Amino acid sequence: MYVELKDVNKEFKGFRALNDVSFSIEKGKLVGLLGPSGSGKTTILRTLAGLAHPDSGDIFIDGKRVNDVPASKRGIGFVFQNYALFRYMTVFDNVAFGLTVEKKDKKFIKQRVNELIGLVGLEGLQDRYPHQLSGGQRQRVAFARALAPNPHLLLLDEPFAAIDAKIRKELRLWLRETINSLGITSIFVTHDQDEAVEVADEIVIVNSGRIEQKGNPADIYKSPATPFAARFIGESLVLDRHETLHGFETYSGYDKAVIRPELIQITKHGKQPILHASEDGIVEDVFFRGSLIEVHVNVKGMRLIGHRSPEEEPLLPGEKVSVLIYRLYLYNEDKVHLAENVRLKNENTVFI
Amino acid sequence: MNFANASETVDRVQEKPRGPGKAAKYILIGLGVAFILIMLVLPLITVCVYALKQGWEVFSGAITDPYAIKALQLTLLATAVAVVCNTVFGLFASWAISKFHFRGKQFLTTLIDIPFAISPIIAGLVFILVFGRIGWAYDFLQAYDIKVVFAVPGIILATIFVTFPFVARELIPLMQAQGNDEEEAAALMGAKWWTIYRKVTLPHIKWGLLYGVILCTARALGEFGAVSVVSGHLRGKTNTLPLHIEILFNEFQLTAAFAVSSILVVTAIIILILRNIVEFKGRKEESEHVR
């Protein structure tokens with residue numbers, strides 16, 4: 001394991017920011033720390049960088065315990081949330097800063113900085129100041145600056161938060177490709193699950209100072225390990241009377257259930273072939289979302305949200321529909337269970 | 001066609017006056033100008049007119065008087081020491097307050113403001129109570145033959161006390177607004193504190209620093225109250241320029257008093273111009289570099 005945290009704890013004035021945090025990361029992986037704001041993900045990043053110090057626990061980088069190694073000696077590149085570019089220095093001087101501090105040879109600095117500026121595609125902007133750049137360009141400068149001293153580990157704090165939505169997608173792809181081509185182990189923090197799913201090889205879900213789950217995006221999506229992970233990932237909706245739904249009567253011992261739009265099929269009334277496994281519902285609202293239609297349906301007093309293709313026959317509010325629920329994530333305080341619709345599994349079983 | 005209409009509507013909306021009308025605008029400007037004329041410009045002109053009333057000879061005689069020159073030297077000395085001390089103090093205080101977390105930070109910030117709130121006379125009296133004949137440090141000072149009160153050190157101390165918030169007050173908000181990110185980024189790359197301060201912090205605060213130094217200088221040059229209490233008014237020894245003016249005035253040497261005053265007036269005007277230049281440049285740079 002290249003980076004490893006073992007039982008790391010950190011308290012801020014009685015607030016438990018990190019609670020027995022343990023996880024490890026393989027060399028060369030691009031990992032996303034995902035969690036709501038205040039969950040402690042930035043604290044984990046700062047602790048790794050040496051900008052914050054854990055109260056207890058061990059941090060290992062490349063097999064070496066780095067708790068007592070100062071931030072500047074850990075070989076880490078850090079991209080700050082607002083980039084923290086030196087605003088009274090040009091792009092060139094910003095990128096060169098780390099090398100200048102290391103008292104590297106002038107010729108080498110020039111060559112290395114130009115190489116990095118080429119890598120991030122900012123040729124010709126060497127003499128600009130940060131305030132003369134767009135948000136995306138600033139991010140690229142911050143990225144180049146962090147990479148200049150050749151770090152073994154790159155940490156990025158909310159790298160896309162300060163960029164407008166339109167170029168964010170483009171930058172995500174760019175960052176992923178660039179990091180992969182460099183092969184540098186990287187950890188980034190985000191509160192945006194789309195971002196985490198799209199960019200990361202592996203996701204670590206953080207909540208109230210604890211690690212909830214670690215895994216690749218598909219696994220985290222498919223099999224959430226904790227109630228929090230189940231609620232947090234996807235467009236999740238919490239139901240509290242799941243046992244009244246057809247196909248889920250037999251599951252007991254769980255208080256609540258999480259449902260996502262992709263687990264529901266909504267069909268015009270009478271067009272549902274597997275009728276005994278589905279529910280009747282009334283359409284409450286229909287929203288056009290561009291690539292899909294979002295339908296809100298009332299089933300037994302519960303509101304469910306499903307998606308339909310714009311190619312399908314349109315539904316109208318007040319219309320009676322059939323709702324087939326494939327799966328639910330049932331949970332109580334500490335357990336999550338993936339519940340399949342039993343009426344789908346045993347189509348021959350007769351129910352009273 | 002549609003486009004033209006749209007822009008016309010926009011123009012009309014913008015033309016519509018907001019807030020008070022034209023009359024109010026001119027009344028306010030008039031009042032402001034009248035106030036400044038009566039309260040500031042008129043007195044300044046009077047000083048200059050009075051100073052030159054009995055001709056150039058008397059004027060130059062008054063300002064080249066040995067006592068006047070001595071007083072000017074003492075004022076400049078006290079000002080120079082106070083500005084240097086308060087600049088150093090201001091740099092450290094603003095750094096401590098804006099970049100570190102510690103207990104009693106708010107209290108320290110409030111303490112820095114005390115000289116603004118306290119009357120200079122009281123500041124002077126405090127020094128008498130500490131270092132004077134009845135003060136608790138008197139025996140100690142006496143033993144080492146150090147004179148503070150009614151001597152030059154007292155005047156310098158009083159000047160420092162009265163002017164010490166100026167630099168710190170200018171820098172603290174600037175540095176707080178800047179945040180710690182840039183410094184952290186620099187530290188993470190292995191920069192030492194001096195490099196960080198020189199390359200990251202200082203460029204950001206340089207105009208504010210200069211502005212604070214100028215304000216501090218202006219205040220130190222004109223300081224009267226606190227200095228008056230600790231000076232003892234020994235001509236040629238512990239008299240500063242403002243005190244010298246008071247003595248001349250009390251001796252009914254009005255022309256001489258105004259002549260010496262004109263030195264302070266001219267320096268004040270020069271400082272004011274410098275201040276405006278610095279403020280303008282600082283604002284311009286600020287608006288450029290801060291997103």
# chains A, B, ... in the order shown; residues from 1 in each chain; ligands from 1

$ residues_around --residues "Ala257 (chain B)" --least-positions-apart "4" --cutoff "12 Å" --atoms "only C-alpha atoms" --output "compact mmCIF listing (two decimals) with C-alpha atoms, in the first residue's frame"
# COMPACT_ATOMS: atom_id res chain seq x y z
CA VAL B 47 -1.70 80.71 9.42
CA CYS B 48 0.22 81.50 6.26
CA TYR B 50 -0.13 85.72 9.78
CA ALA B 51 3.25 84.06 9.39
CA LEU B 52 4.25 86.47 6.64
CA LYS B 53 2.48 89.52 8.09
CA VAL B 58 10.64 88.12 10.70
CA PHE B 59 9.39 84.87 9.20
CA SER B 60 12.82 83.49 8.43
CA GLY B 61 14.10 84.82 11.75
CA ALA B 62 11.43 82.84 13.58
CA ILE B 63 12.07 79.58 11.78
CA ASP B 65 15.76 80.68 15.66
CA ALA B 68 13.00 76.50 16.80
CA LEU B 241 7.85 71.89 17.54
CA PRO B 242 4.21 71.95 18.66
CA LEU B 243 5.32 72.81 22.21
CA HIS B 244 7.58 75.54 20.90
CA ILE B 245 4.64 77.04 19.05
CA GLU B 246 2.58 77.02 22.24
CA ILE B 247 5.31 78.83 24.14
CA LEU B 248 5.68 81.46 21.42
CA PHE B 249 1.92 81.92 21.36
CA ASN B 250 1.72 82.30 25.14
CA GLU B 251 4.45 84.94 24.95
CA PHE B 252 2.30 86.88 22.46
CA GLN B 253 4.86 86.35 19.67
CA SER B 261 3.27 76.61 12.56
CA SER B 262 3.61 77.03 8.83
CA ILE B 263 6.42 74.44 8.88
CA LEU B 264 3.97 71.91 10.29

$ interface_residues --of "chain B" --to "chain A" --cutoff "9 Å" --atoms "only C-alpha atoms" --output "PyMOL selection string"
chain B and resi 180-192+195+199-200+203-204+288-291

$ select_by_dssp --residues "region 111-265 of chain B" --states "alpha helix (DSSP H)" --output "PyMOL selection string"
chain B and resi 111-112+114-117+120-131+138-143+152-163+165-178+181-188+193-196+202-222+225-231+241-250+254-265

$ residues_around --residues "Gly247 (chain A)" --least-positions-apart "3" --cutoff "12 Å" --atoms "only C-alpha atoms" --output "mmCIF file with C-alpha atoms, in the first residue's frame"
data_model
loop_
_atom_site.group_PDB
_atom_site.id
_atom_site.type_symbol
_atom_site.label_atom_id
_atom_site.label_comp_id
_atom_site.auth_asym_id
_atom_site.auth_seq_id
_atom_site.Cartn_x
_atom_site.Cartn_y
_atom_site.Cartn_z
ATOM 1 C CA HIS A 242 -41.455 -0.445 2.367
ATOM 2 C CA GLU A 243 -43.136 -3.589 3.781
ATOM 3 C CA THR A 244 -46.458 -2.514 2.271
ATOM 4 C CA THR A 250 -41.424 -10.689 3.611
ATOM 5 C CA TYR A 251 -38.433 -8.585 4.543
ATOM 6 C CA ILE A 274 -45.624 -8.548 -14.680
ATOM 7 C CA LEU A 275 -48.711 -7.203 -13.012
ATOM 8 C CA HIS A 276 -48.651 -9.289 -9.842
ATOM 9 C CA ALA A 277 -45.239 -7.824 -8.892
ATOM 10 C CA SER A 278 -46.120 -4.199 -9.511
ATOM 11 C CA GLU A 279 -48.038 -1.493 -7.751
ATOM 12 C CA VAL A 323 -44.951 0.890 -10.935
ATOM 13 C CA LEU A 324 -42.574 -2.051 -10.856
ATOM 14 C CA ILE A 325 -39.913 -1.902 -8.161
ATOM 15 C CA TYR A 326 -36.949 -4.158 -8.928
ATOM 16 C CA ARG A 327 -34.889 -3.630 -5.819
ATOM 17 C CA LEU A 328 -34.722 -1.706 -2.569
ATOM 18 C CA ALA A 339 -33.730 -6.629 -1.246
ATOM 19 C CA GLU A 340 -34.934 -8.028 -4.555
ATOM 20 C CA ASN A 341 -38.599 -8.004 -5.434
ATOM 21 C CA VAL A 342 -39.529 -11.582 -4.440
ATOM 22 C CA ARG A 343 -42.472 -11.686 -6.798
ATOM 23 C CA LEU A 344 -40.058 -11.191 -9.677
ATOM 24 C CA LYS A 345 -37.727 -13.916 -8.475
ATOM 25 C CA ASN A 346 -40.335 -16.613 -7.986
ATOM 26 C CA GLU A 347 -42.855 -15.812 -10.610
ATOM 27 C CA THR A 349 -45.235 -18.527 -6.290
ATOM 28 C CA VAL A 350 -48.850 -17.820 -5.501
ATOM 29 C CA PHE A 351 -49.581 -15.001 -3.129
#

$ residues_around --residues "region 168-170 of chain A" --least-positions-apart "4" --cutoff "10 Å" --atoms "only C-alpha atoms" --output "tab-separated table (two decimals) with N, CA and C atoms, in the first residue's frame"
chain	number	residue	atom	x	y	z
A	135	GLY	N	-11.06	30.84	-14.54
A	135	GLY	CA	-11.03	29.85	-13.47
A	135	GLY	C	-10.34	28.57	-13.88
A	136	GLY	N	-10.65	28.09	-15.07
A	136	GLY	CA	-10.06	26.84	-15.54
A	136	GLY	C	-8.55	26.97	-15.74
A	159	PRO	N	-11.08	20.28	-6.42
A	159	PRO	CA	-10.42	20.92	-7.55
A	159	PRO	C	-11.36	21.60	-8.54
A	160	PHE	N	-12.63	21.24	-8.51
A	160	PHE	CA	-13.54	21.80	-9.51
A	160	PHE	C	-14.57	22.76	-8.94
A	161	ALA	N	-14.49	23.01	-7.63
A	161	ALA	CA	-15.55	23.77	-6.97
A	161	ALA	C	-15.66	25.19	-7.50
A	162	ALA	N	-14.53	25.79	-7.90
A	162	ALA	CA	-14.56	27.20	-8.26
A	162	ALA	C	-14.69	27.41	-9.78
A	163	ILE	N	-15.13	26.38	-10.48
A	163	ILE	CA	-15.19	26.48	-11.94
A	163	ILE	C	-16.63	26.37	-12.40
A	164	ASP	N	-17.00	27.15	-13.41
A	164	ASP	CA	-18.41	27.08	-13.80
A	164	ASP	C	-18.74	25.75	-14.46
A	174	TRP	N	-9.99	16.04	-18.53
A	174	TRP	CA	-8.61	16.45	-18.75
A	174	TRP	C	-7.74	16.04	-17.55
A	175	LEU	N	-8.25	16.32	-16.34
A	175	LEU	CA	-7.48	16.02	-15.13
A	175	LEU	C	-7.25	14.52	-15.01
A	194	ASP	N	-21.18	12.88	-8.76
A	194	ASP	CA	-20.96	12.70	-10.20
A	194	ASP	C	-19.48	12.82	-10.51
A	195	GLU	N	-18.89	13.84	-9.86
A	195	GLU	CA	-17.47	14.11	-10.05
A	195	GLU	C	-16.64	12.91	-9.59
A	198	GLU	N	-17.10	9.93	-11.87
A	198	GLU	CA	-16.53	10.12	-13.20
A	198	GLU	C	-15.01	10.13	-13.19
A	199	VAL	N	-14.41	10.72	-12.16
A	199	VAL	CA	-12.96	10.93	-12.18
A	199	VAL	C	-12.19	9.81	-11.49

$ residues_around --residues "region 258-260 of chain A" --least-positions-apart "2" --cutoff "8 Å" --atoms "only C-alpha atoms" --output "list in words"
Ala230, Arg231, Gly234, Glu235, Ser236, Leu237, Val238, Leu239, Lys256, Glu262, Leu263, Ile264, Leu304, Ile305, Gly306, Arg327, Leu328, Tyr329, Leu330 and Tyr331 of chain A

$ closest_residue --among "B:Ile273, B:Leu74, B:Ala220, B:Ala96" --to "Thr240 (chain B)" --atoms "only C-alpha atoms"
B:Leu74

$ atom_distance --atom1 "CA of Phe232 (chain A)" --atom2 "CA of Ser24 (chain A)"
21.9 Å

$ atom_distance --atom1 "CA of Lys147 (chain B)" --atom2 "CA of Asn239 (chain B)"
15.6 Å

$ atom_distance --atom1 "CA of Phe92 (chain A)" --atom2 "CA of Thr178 (chain A)"
19.9 Å

$ residues_around --residues "Leu125 (chain B)" --least-positions-apart "3" --cutoff "8 Å" --atoms "only C-alpha atoms" --output "MDAnalysis selection string"
chainID B and resid 121:122 128:129 226 229:230

$ residues_around --residues "region 77-89 of chain B" --least-positions-apart "5" --cutoff "6 Å" --atoms "only C-alpha atoms" --output "number ranges by chain"
B: 156, 160, 164, 167, 220-221

$ select_by_dssp --residues "region 22-124 of chain A" --states "strand (DSSP E or B)" --output "list in words"
Ser22, Phe23, Ser24, Ile25, Leu30, Val31, Gly32, Leu33, Leu34, Ser56, Gly57, Asp58, Ile59, Phe60, Ile61, Lys64, Arg65, Ile76, Gly77, Phe78 and Val79 of chain A

$ write_last_selection --atoms "N, CA and C atoms" --output "mmCIF file, in the first residue's frame"
data_model
loop_
_atom_site.group_PDB
_atom_site.id
_atom_site.type_symbol
_atom_site.label_atom_id
_atom_site.label_comp_id
_atom_site.auth_asym_id
_atom_site.auth_seq_id
_atom_site.Cartn_x
_atom_site.Cartn_y
_atom_site.Cartn_z
ATOM 1 N N SER A 22 -9.201 4.918 8.991
ATOM 2 C CA SER A 22 -8.203 3.987 8.456
ATOM 3 C C SER A 22 -8.565 3.661 7.022
ATOM 4 N N PHE A 23 -7.634 3.849 6.132
ATOM 5 C CA PHE A 23 -7.810 3.342 4.776
ATOM 6 C C PHE A 23 -6.459 3.364 4.090
ATOM 7 N N SER A 24 -6.384 2.684 2.963
ATOM 8 C CA SER A 24 -5.106 2.657 2.274
ATOM 9 C C SER A 24 -5.326 2.760 0.777
ATOM 10 N N ILE A 25 -4.296 3.202 0.110
ATOM 11 C CA ILE A 25 -4.398 3.479 -1.313
ATOM 12 C C ILE A 25 -3.215 2.860 -2.030
ATOM 13 N N LEU A 30 -6.040 6.897 -8.645
ATOM 14 C CA LEU A 30 -6.664 8.206 -8.497
ATOM 15 C C LEU A 30 -7.892 8.002 -7.618
ATOM 16 N N VAL A 31 -7.824 8.532 -6.410
ATOM 17 C CA VAL A 31 -8.843 8.244 -5.408
ATOM 18 C C VAL A 31 -9.637 9.492 -5.075
ATOM 19 N N GLY A 32 -10.959 9.346 -4.956
ATOM 20 C CA GLY A 32 -11.810 10.460 -4.578
ATOM 21 C C GLY A 32 -12.311 10.302 -3.154
ATOM 22 N N LEU A 33 -12.116 11.321 -2.333
ATOM 23 C CA LEU A 33 -12.722 11.330 -0.994
ATOM 24 C C LEU A 33 -14.044 12.046 -1.139
ATOM 25 N N LEU A 34 -15.134 11.316 -0.940
ATOM 26 C CA LEU A 34 -16.452 11.873 -1.202
ATOM 27 C C LEU A 34 -17.235 11.953 0.097
ATOM 28 N N SER A 56 -4.029 11.268 17.300
ATOM 29 C CA SER A 56 -3.467 9.929 17.443
ATOM 30 C C SER A 56 -3.575 9.210 16.109
ATOM 31 N N GLY A 57 -2.909 8.067 16.000
ATOM 32 C CA GLY A 57 -2.942 7.316 14.748
ATOM 33 C C GLY A 57 -1.683 7.529 13.929
ATOM 34 N N ASP A 58 -1.532 6.691 12.901
ATOM 35 C CA ASP A 58 -0.312 6.742 12.094
ATOM 36 C C ASP A 58 -0.630 7.007 10.634
ATOM 37 N N ILE A 59 0.263 7.742 9.996
ATOM 38 C CA ILE A 59 0.139 7.991 8.566
ATOM 39 C C ILE A 59 1.396 7.452 7.895
ATOM 40 N N PHE A 60 1.194 6.615 6.886
ATOM 41 C CA PHE A 60 2.337 6.071 6.158
ATOM 42 C C PHE A 60 2.270 6.516 4.713
ATOM 43 N N ILE A 61 3.401 6.968 4.198
ATOM 44 C CA ILE A 61 3.502 7.238 2.771
ATOM 45 C C ILE A 61 4.711 6.467 2.270
ATOM 46 N N LYS A 64 6.775 4.615 4.835
ATOM 47 C CA LYS A 64 7.451 5.357 5.901
ATOM 48 C C LYS A 64 6.417 6.089 6.741
ATOM 49 N N ARG A 65 6.564 6.040 8.072
ATOM 50 C CA ARG A 65 5.646 6.777 8.931
ATOM 51 C C ARG A 65 6.027 8.258 8.854
ATOM 52 N N ILE A 76 4.882 15.977 -1.328
ATOM 53 C CA ILE A 76 3.479 16.052 -1.718
ATOM 54 C C ILE A 76 3.221 17.308 -2.535
ATOM 55 N N GLY A 77 2.423 17.172 -3.580
ATOM 56 C CA GLY A 77 1.946 18.336 -4.306
ATOM 57 C C GLY A 77 0.513 18.590 -3.876
ATOM 58 N N PHE A 78 0.169 19.840 -3.601
ATOM 59 C CA PHE A 78 -1.160 20.135 -3.076
ATOM 60 C C PHE A 78 -1.822 21.194 -3.945
ATOM 61 N N VAL A 79 -3.044 20.898 -4.398
ATOM 62 C CA VAL A 79 -3.813 21.897 -5.134
ATOM 63 C C VAL A 79 -4.927 22.377 -4.206
#
